[in-house]
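As stored in start34.txt (compact mmCIF, C-alpha atoms):
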```
# COMPACT_ATOMS: atom_id res chain seq x y z
CA MET A 1 25.30 78.06 -20.85
CA ARG A 2 25.98 74.40 -21.59
CA ASP A 3 27.00 73.73 -17.99
CA GLY A 4 23.70 75.13 -16.68
CA THR A 5 25.13 78.43 -15.47
CA CYS A 6 22.67 81.29 -16.00
CA VAL A 7 24.21 84.44 -17.41
CA GLY A 8 22.32 87.72 -17.58
CA ILE A 9 22.15 89.30 -21.03
CA ARG A 10 21.05 92.85 -21.75
CA GLU A 11 21.51 95.66 -24.23
CA ILE A 12 24.73 97.60 -23.85
CA ARG A 13 24.55 100.98 -22.09
CA PRO A 14 26.78 104.06 -22.39
CA GLY A 15 27.93 103.47 -18.81
CA ASP A 16 29.40 100.09 -19.84
CA ALA A 17 32.52 101.65 -21.38
CA HIS A 18 34.67 101.04 -18.28
CA ALA A 19 33.45 97.43 -17.98
CA LEU A 20 34.38 96.88 -21.66
CA ARG A 21 37.88 98.16 -20.95
CA ARG A 22 38.17 95.77 -18.00
CA LEU A 23 36.91 92.90 -20.18
CA VAL A 24 39.59 93.50 -22.80
CA GLY A 25 42.16 93.77 -20.02
CA ARG A 26 41.28 90.24 -18.82
CA LEU A 27 41.58 88.64 -22.28
CA SER A 28 44.47 86.43 -23.28
CA GLN A 29 46.84 87.74 -25.93
CA ARG A 30 45.51 85.07 -28.30
CA THR A 31 41.88 86.14 -27.86
CA VAL A 32 42.85 89.78 -28.44
CA TYR A 33 44.79 88.81 -31.56
CA LEU A 34 41.92 86.73 -32.96
CA ARG A 35 39.35 89.46 -32.33
CA TYR A 36 41.34 92.57 -33.25
CA PHE A 37 43.78 90.96 -35.76
CA GLY A 38 46.80 92.01 -33.75
CA PRO A 39 48.10 92.84 -30.30
CA MET A 40 46.48 95.50 -28.17
CA LYS A 41 47.57 96.45 -24.66
CA GLU A 42 44.26 98.01 -23.73
CA LEU A 43 41.01 99.27 -25.17
CA SER A 44 41.21 103.06 -25.27
CA GLU A 45 38.63 105.08 -23.41
CA LYS A 46 37.53 106.67 -26.71
CA LYS A 47 37.07 103.27 -28.40
CA ALA A 48 35.25 101.88 -25.35
CA ARG A 49 32.81 104.81 -25.42
CA HIS A 50 32.28 104.27 -29.15
CA PHE A 51 31.47 100.58 -28.55
CA ALA A 52 29.16 101.35 -25.60
CA GLU A 53 27.25 104.24 -27.16
CA VAL A 54 24.93 102.69 -29.73
CA ASP A 55 21.67 103.91 -31.20
CA GLY A 56 19.82 100.58 -30.90
CA LYS A 57 18.94 100.47 -34.60
CA ASP A 58 21.95 100.98 -36.86
CA ARG A 59 24.41 100.11 -34.10
CA PHE A 60 23.26 97.52 -31.59
CA ALA A 61 25.02 95.41 -28.96
CA LEU A 62 24.23 92.91 -26.24
CA VAL A 63 26.42 92.14 -23.24
CA ALA A 64 26.59 89.13 -20.94
CA LEU A 65 27.19 89.75 -17.26
CA ASP A 66 29.46 87.73 -15.00
CA PRO A 67 27.19 85.51 -12.88
CA ASP A 68 29.46 86.20 -9.88
CA ASP A 69 29.71 89.98 -10.40
CA GLU A 70 27.06 91.69 -12.54
CA ASP A 71 29.22 94.81 -12.76
CA GLU A 72 31.54 92.87 -15.04
CA ILE A 73 30.90 92.10 -18.71
CA VAL A 74 32.10 88.68 -19.90
CA ALA A 75 30.91 88.82 -23.52
CA VAL A 76 29.61 91.23 -26.13
CA VAL A 77 27.99 90.71 -29.53
CA ARG A 78 27.23 93.58 -31.85
CA TYR A 79 26.34 94.73 -35.29
CA ASP A 80 27.00 97.94 -37.15
CA ARG A 81 24.85 98.65 -40.20
CA GLU A 82 26.85 99.29 -43.34
CA LYS A 83 26.68 102.94 -44.41
CA ASP A 84 25.99 102.05 -48.05
CA SER A 85 23.41 99.36 -47.31
CA ASP A 86 19.97 99.43 -45.76
CA ASN A 87 19.93 95.77 -44.85
CA ALA A 88 23.51 94.58 -44.19
CA ALA A 89 25.63 94.92 -41.08
CA GLU A 90 29.05 93.94 -39.81
CA TYR A 91 28.86 91.43 -36.97
CA ALA A 92 31.38 90.97 -34.17
CA ALA A 93 31.57 88.92 -31.00
CA LEU A 94 33.94 88.77 -28.06
CA VAL A 95 33.79 86.27 -25.21
CA GLU A 96 36.11 86.26 -22.21
CA ASP A 97 38.47 83.27 -22.31
CA LYS A 98 37.02 81.39 -19.33
CA PHE A 99 33.51 81.59 -20.85
CA GLN A 100 34.50 80.44 -24.35
CA GLY A 101 33.20 77.14 -25.72
CA MET A 102 30.16 77.12 -23.43
CA GLY A 103 27.51 78.24 -25.93
CA LEU A 104 27.37 81.83 -24.70
CA GLY A 105 28.45 83.40 -28.00
CA VAL A 106 25.97 81.36 -30.05
CA GLY A 107 23.10 82.09 -27.66
CA MET A 108 23.82 85.80 -27.60
CA THR A 109 24.18 85.89 -31.38
CA ARG A 110 20.74 84.33 -31.80
CA HIS A 111 19.28 87.18 -29.69
CA LEU A 112 21.27 89.70 -31.70
CA ILE A 113 19.89 88.27 -34.95
CA GLU A 114 16.32 88.75 -33.71
CA ALA A 115 17.05 92.40 -32.88
CA ALA A 116 18.75 92.86 -36.25
CA LYS A 117 15.75 91.46 -38.10
CA GLU A 118 13.42 93.81 -36.20
CA ASN A 119 15.65 96.68 -37.35
CA GLY A 120 15.59 95.64 -41.02
CA ILE A 121 18.95 93.88 -41.17
CA ARG A 122 18.86 90.91 -43.55
CA HIS A 123 22.58 90.05 -43.82
CA PHE A 124 25.50 89.93 -41.43
CA TYR A 125 29.08 89.76 -42.50
CA ALA A 126 32.15 89.14 -40.41
CA LEU A 127 35.87 89.18 -41.08
CA VAL A 128 37.43 86.24 -39.26
CA LEU A 129 41.03 85.10 -39.19
CA HIS A 130 41.33 81.63 -40.71
CA GLU A 131 42.81 80.23 -37.49
CA ASN A 132 39.87 81.50 -35.41
CA ARG A 133 38.11 78.14 -35.47
CA GLN A 134 35.85 78.98 -32.51
CA MET A 135 34.34 81.96 -34.33
CA LEU A 136 33.98 80.06 -37.59
CA ASN A 137 32.27 77.23 -35.68
CA LEU A 138 29.98 79.74 -33.95
CA LEU A 139 28.88 81.14 -37.31
CA ARG A 140 28.26 77.65 -38.69
CA ALA A 141 26.30 76.68 -35.56
CA LEU A 142 23.72 79.34 -36.40
CA ASP A 143 22.54 77.00 -39.16
CA LEU A 144 21.89 79.88 -41.55
CA PRO A 145 22.93 80.16 -45.19
CA GLU A 146 26.52 81.36 -45.31
CA GLU A 147 29.09 82.22 -47.91
CA PHE A 148 32.85 82.27 -47.36
CA ARG A 149 35.49 84.08 -49.37
CA TRP A 150 39.08 85.07 -48.71
CA GLU A 151 39.57 88.84 -48.29
CA ASP A 152 42.62 90.75 -47.07
CA GLY A 153 44.10 87.80 -45.17
CA ALA A 154 40.84 86.83 -43.48
CA GLU A 155 37.70 84.87 -44.13
CA HIS A 156 34.84 87.13 -45.19
CA VAL A 157 31.73 85.34 -43.94
CA ALA A 158 28.36 86.51 -45.20
CA ILE A 159 25.27 85.20 -43.40
CA ASP A 160 21.73 85.41 -44.68
CA LEU A 161 19.41 86.18 -41.72
CA ARG A 162 16.16 85.76 -43.63
CA ASN A 163 15.63 82.09 -42.67
```
Rewritten as structure tokens:
Amino acid sequence: MRDGTCVGIREIRPGDAHALRRLVGRLSQRTVYLRYFGPMKELSEKKARHFAEVDGKDRFALVALDPDDEDEIVAVVRYDREKDSDNAAEYAALVEDKFQGMGLGVGMTRHLIEAAKENGIRHFYALVLHENRQMLNLLRALDLPEEFRWEDGAEHVAIDLRN
């Protein structure tokens, strides 16, 4: 990270579902709202399993581990290939509050892009609330061609991964 702290990053595993639930439980209400577009008291066990059980090709995710406790996840980036597209995927990222603004999300996203390219993904898209400046800045920091349009109360950001 920008402050020199080394954070372990690895592919998500099915056994990470409980750590994902704990991560969401540590988030501020604002971070939850910006990521999930509304309040959420907890991540359900079913949803956590869905997020943790990926196939590594059409659904792929990376997690960052707390440098002080590698049993805890502090960030996750993921993509889910669109069902009606061979080369486009929805992108999402979530970084624990105390790790935000330190370059972790951008660094992890760069690794995610490499995996996506290897799996034939050529475009990411993300729905981002207009007030989520950190996420919009993260997407711009990738320095890839992007296109913004307003959709259902959020910014629809399309990113071309081919560069």
(request) Quick one: everything within 9 Å of Ala52 (chain A), counting only C-alpha atoms, minus sequence neighbours fewer than 5 positions away in the same chain. Send it as number ranges by chain. (result) A: 12-17, 20, 47, 61
(message) Env of region 108-121 of chain A: 10 Å cut, atoms = all atoms listed in the file, seq-sep filter 3 positions within chain, self excluded. Answer as number ranges by chain.
(response) A: 9-11, 56-64, 75-82, 85-89, 91-93, 103-105, 124, 138-139, 142, 160-162
May I have the selected residues written with C-alpha atoms, as a compact mmCIF listing (two decimals), keeping the file's coordinate frame?
```txt
# COMPACT_ATOMS: atom_id res chain seq x y z
CA ILE A 9 22.15 89.30 -21.03
CA ARG A 10 21.05 92.85 -21.75
CA GLU A 11 21.51 95.66 -24.23
CA GLY A 56 19.82 100.58 -30.90
CA LYS A 57 18.94 100.47 -34.60
CA ASP A 58 21.95 100.98 -36.86
CA ARG A 59 24.41 100.11 -34.10
CA PHE A 60 23.26 97.52 -31.59
CA ALA A 61 25.02 95.41 -28.96
CA LEU A 62 24.23 92.91 -26.24
CA VAL A 63 26.42 92.14 -23.24
CA ALA A 64 26.59 89.13 -20.94
CA ALA A 75 30.91 88.82 -23.52
CA VAL A 76 29.61 91.23 -26.13
CA VAL A 77 27.99 90.71 -29.53
CA ARG A 78 27.23 93.58 -31.85
CA TYR A 79 26.34 94.73 -35.29
CA ASP A 80 27.00 97.94 -37.15
CA ARG A 81 24.85 98.65 -40.20
CA GLU A 82 26.85 99.29 -43.34
CA SER A 85 23.41 99.36 -47.31
CA ASP A 86 19.97 99.43 -45.76
CA ASN A 87 19.93 95.77 -44.85
CA ALA A 88 23.51 94.58 -44.19
CA ALA A 89 25.63 94.92 -41.08
CA TYR A 91 28.86 91.43 -36.97
CA ALA A 92 31.38 90.97 -34.17
CA ALA A 93 31.57 88.92 -31.00
CA GLY A 103 27.51 78.24 -25.93
CA LEU A 104 27.37 81.83 -24.70
CA GLY A 105 28.45 83.40 -28.00
CA PHE A 124 25.50 89.93 -41.43
CA LEU A 138 29.98 79.74 -33.95
CA LEU A 139 28.88 81.14 -37.31
CA LEU A 142 23.72 79.34 -36.40
CA ASP A 160 21.73 85.41 -44.68
CA LEU A 161 19.41 86.18 -41.72
CA ARG A 162 16.16 85.76 -43.63
```
(message) Report, in Å to a single decimal, how far apart CA of Asp152 (chain A) and CA of Tyr33 (chain A) are.
(response)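 Computing it gives 15.8 Å between the two atoms.
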(message) With only C-alpha atoms as the counted atoms, please give the residues lying no more than 10 Å from Cys6 (chain A), apart from itself and same-chain residues fewer than 4 positions off, as a list in words.
(response)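 After dropping sequence-adjacent residues, the list is Met1, Arg2, Leu65, Asp66, Pro67 and Leu104 of chain A.
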(request) Take CA of Asp68 (chain A) and CA of Gly4 (chain A) and report the distance between them in Å, one decimal. (result) 14.2 Å
(message) So the first atom is CA of Glu155 (chain A) and the second is CA of Val128 (chain A); what is the distance between them in Å, to one decimal place?
(response)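 One can read the CA of Glu155 (chain A) to CA of Val128 (chain A) distance as 5.1 Å.
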(message) Ranking A:Asp71, A:Ala19, A:Asp3, A:Asn132 by minimum distance to Met102 (chain A) and counting only C-alpha atoms, which one comes first?
(response)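 Smallest distance to Met102 (chain A) is found for A:Asp3.
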(request) Skip Glu96 (chain A) itself and residues of its chain fewer than 4 positions away, then list as a count of residues only all residues within 8 Å of it, counting only C-alpha atoms. (result) 6
(message) Please determine, counting only C-alpha atoms, which residue among A:Leu94, A:Ala154, A:Arg122, A:Glu131 has the shortest atom-to-atom distance to Val32 (chain A).
(response)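 Smallest distance to Val32 (chain A) is found for A:Leu94.
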Residue completion, region 89-125 of chain A, N, CA and C atoms, as an mmCIF file, keeping the file's coordinate frame:
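rebuild-v2.cif written:
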```
data_model
loop_
_atom_site.group_PDB
_atom_site.id
_atom_site.type_symbol
_atom_site.label_atom_id
_atom_site.label_comp_id
_atom_site.auth_asym_id
_atom_site.auth_seq_id
_atom_site.Cartn_x
_atom_site.Cartn_y
_atom_site.Cartn_z
ATOM 1 N N ALA A 89 24.892 94.402 -42.222
ATOM 2 C CA ALA A 89 25.630 94.920 -41.080
ATOM 3 C C ALA A 89 26.845 94.052 -40.795
ATOM 4 N N GLU A 90 27.881 94.691 -40.278
ATOM 5 C CA GLU A 90 29.050 93.940 -39.810
ATOM 6 C C GLU A 90 28.728 93.373 -38.436
ATOM 7 N N TYR A 91 29.098 92.130 -38.226
ATOM 8 C CA TYR A 91 28.860 91.430 -36.970
ATOM 9 C C TYR A 91 30.195 91.181 -36.275
ATOM 10 N N ALA A 92 30.193 91.282 -34.956
ATOM 11 C CA ALA A 92 31.380 90.970 -34.170
ATOM 12 C C ALA A 92 30.962 90.380 -32.836
ATOM 13 N N ALA A 93 31.819 89.527 -32.305
ATOM 14 C CA ALA A 93 31.570 88.920 -31.000
ATOM 15 C C ALA A 93 32.881 88.827 -30.240
ATOM 16 N N LEU A 94 32.780 88.910 -28.929
ATOM 17 C CA LEU A 94 33.940 88.770 -28.060
ATOM 18 C C LEU A 94 33.481 88.113 -26.770
ATOM 19 N N VAL A 95 34.131 87.003 -26.424
ATOM 20 C CA VAL A 95 33.790 86.270 -25.210
ATOM 21 C C VAL A 95 35.058 86.090 -24.393
ATOM 22 N N GLU A 96 34.971 86.424 -23.114
ATOM 23 C CA GLU A 96 36.110 86.260 -22.210
ATOM 24 C C GLU A 96 36.575 84.803 -22.233
ATOM 25 N N ASP A 97 37.872 84.594 -22.158
ATOM 26 C CA ASP A 97 38.470 83.270 -22.310
ATOM 27 C C ASP A 97 37.780 82.195 -21.473
ATOM 28 N N LYS A 98 37.560 82.446 -20.198
ATOM 29 C CA LYS A 98 37.020 81.390 -19.330
ATOM 30 C C LYS A 98 35.558 81.064 -19.631
ATOM 31 N N PHE A 99 34.902 81.850 -20.470
ATOM 32 C CA PHE A 99 33.510 81.590 -20.850
ATOM 33 C C PHE A 99 33.400 81.070 -22.286
ATOM 34 N N GLN A 100 34.525 80.919 -22.971
ATOM 35 C CA GLN A 100 34.500 80.440 -24.350
ATOM 36 C C GLN A 100 34.168 78.950 -24.404
ATOM 37 N N GLY A 101 33.514 78.548 -25.498
ATOM 38 C CA GLY A 101 33.200 77.140 -25.720
ATOM 39 C C GLY A 101 32.053 76.624 -24.891
ATOM 40 N N MET A 102 31.262 77.524 -24.301
ATOM 41 C CA MET A 102 30.160 77.120 -23.430
ATOM 42 C C MET A 102 28.789 77.464 -24.009
ATOM 43 N N GLY A 103 28.774 77.914 -25.274
ATOM 44 C CA GLY A 103 27.510 78.240 -25.930
ATOM 45 C C GLY A 103 27.039 79.663 -25.727
ATOM 46 N N LEU A 104 27.785 80.452 -24.975
ATOM 47 C CA LEU A 104 27.370 81.830 -24.700
ATOM 48 C C LEU A 104 27.339 82.674 -25.963
ATOM 49 N N GLY A 105 28.394 82.605 -26.780
ATOM 50 C CA GLY A 105 28.450 83.400 -28.000
ATOM 51 C C GLY A 105 27.335 83.065 -28.974
ATOM 52 N N VAL A 106 27.046 81.780 -29.138
ATOM 53 C CA VAL A 106 25.970 81.360 -30.050
ATOM 54 C C VAL A 106 24.619 81.850 -29.530
ATOM 55 N N GLY A 107 24.375 81.658 -28.240
ATOM 56 C CA GLY A 107 23.100 82.090 -27.660
ATOM 57 C C GLY A 107 22.891 83.587 -27.791
ATOM 58 N N MET A 108 23.927 84.344 -27.487
ATOM 59 C CA MET A 108 23.820 85.800 -27.600
ATOM 60 C C MET A 108 23.619 86.223 -29.050
ATOM 61 N N THR A 109 24.306 85.548 -29.966
ATOM 62 C CA THR A 109 24.180 85.890 -31.380
ATOM 63 C C THR A 109 22.768 85.634 -31.875
ATOM 64 N N ARG A 110 22.142 84.580 -31.407
ATOM 65 C CA ARG A 110 20.740 84.330 -31.800
ATOM 66 C C ARG A 110 19.835 85.484 -31.362
ATOM 67 N N HIS A 111 20.051 86.016 -30.157
ATOM 68 C CA HIS A 111 19.280 87.180 -29.690
ATOM 69 C C HIS A 111 19.595 88.408 -30.539
ATOM 70 N N LEU A 112 20.866 88.570 -30.878
ATOM 71 C CA LEU A 112 21.270 89.700 -31.700
ATOM 72 C C LEU A 112 20.614 89.636 -33.080
ATOM 73 N N ILE A 113 20.526 88.442 -33.640
ATOM 74 C CA ILE A 113 19.890 88.270 -34.950
ATOM 75 C C ILE A 113 18.429 88.695 -34.896
ATOM 76 N N GLU A 114 17.732 88.342 -33.836
ATOM 77 C CA GLU A 114 16.320 88.750 -33.710
ATOM 78 C C GLU A 114 16.205 90.266 -33.674
ATOM 79 N N ALA A 115 17.063 90.928 -32.922
ATOM 80 C CA ALA A 115 17.050 92.400 -32.880
ATOM 81 C C ALA A 115 17.382 92.976 -34.248
ATOM 82 N N ALA A 116 18.360 92.381 -34.925
ATOM 83 C CA ALA A 116 18.750 92.860 -36.250
ATOM 84 C C ALA A 116 17.579 92.768 -37.229
ATOM 85 N N LYS A 117 16.895 91.640 -37.209
ATOM 86 C CA LYS A 117 15.750 91.460 -38.100
ATOM 87 C C LYS A 117 14.675 92.520 -37.837
ATOM 88 N N GLU A 118 14.416 92.784 -36.556
ATOM 89 C CA GLU A 118 13.420 93.810 -36.200
ATOM 90 C C GLU A 118 13.831 95.180 -36.716
ATOM 91 N N ASN A 119 15.133 95.402 -36.871
ATOM 92 C CA ASN A 119 15.650 96.680 -37.350
ATOM 93 C C ASN A 119 15.955 96.677 -38.852
ATOM 94 N N GLY A 120 15.464 95.662 -39.561
ATOM 95 C CA GLY A 120 15.590 95.640 -41.020
ATOM 96 C C GLY A 120 16.874 95.061 -41.560
ATOM 97 N N ILE A 121 17.708 94.488 -40.707
ATOM 98 C CA ILE A 121 18.950 93.880 -41.170
ATOM 99 C C ILE A 121 18.624 92.491 -41.723
ATOM 100 N N ARG A 122 19.119 92.200 -42.912
ATOM 101 C CA ARG A 122 18.860 90.910 -43.550
ATOM 102 C C ARG A 122 20.137 90.085 -43.758
ATOM 103 N N HIS A 123 21.292 90.737 -43.620
ATOM 104 C CA HIS A 123 22.580 90.050 -43.820
ATOM 105 C C HIS A 123 23.597 90.544 -42.800
ATOM 106 N N PHE A 124 24.329 89.618 -42.235
ATOM 107 C CA PHE A 124 25.500 89.930 -41.430
ATOM 108 C C PHE A 124 26.726 89.546 -42.235
ATOM 109 N N TYR A 125 27.806 90.239 -42.007
ATOM 110 C CA TYR A 125 29.080 89.760 -42.500
ATOM 111 C C TYR A 125 30.106 89.935 -41.389
#
```
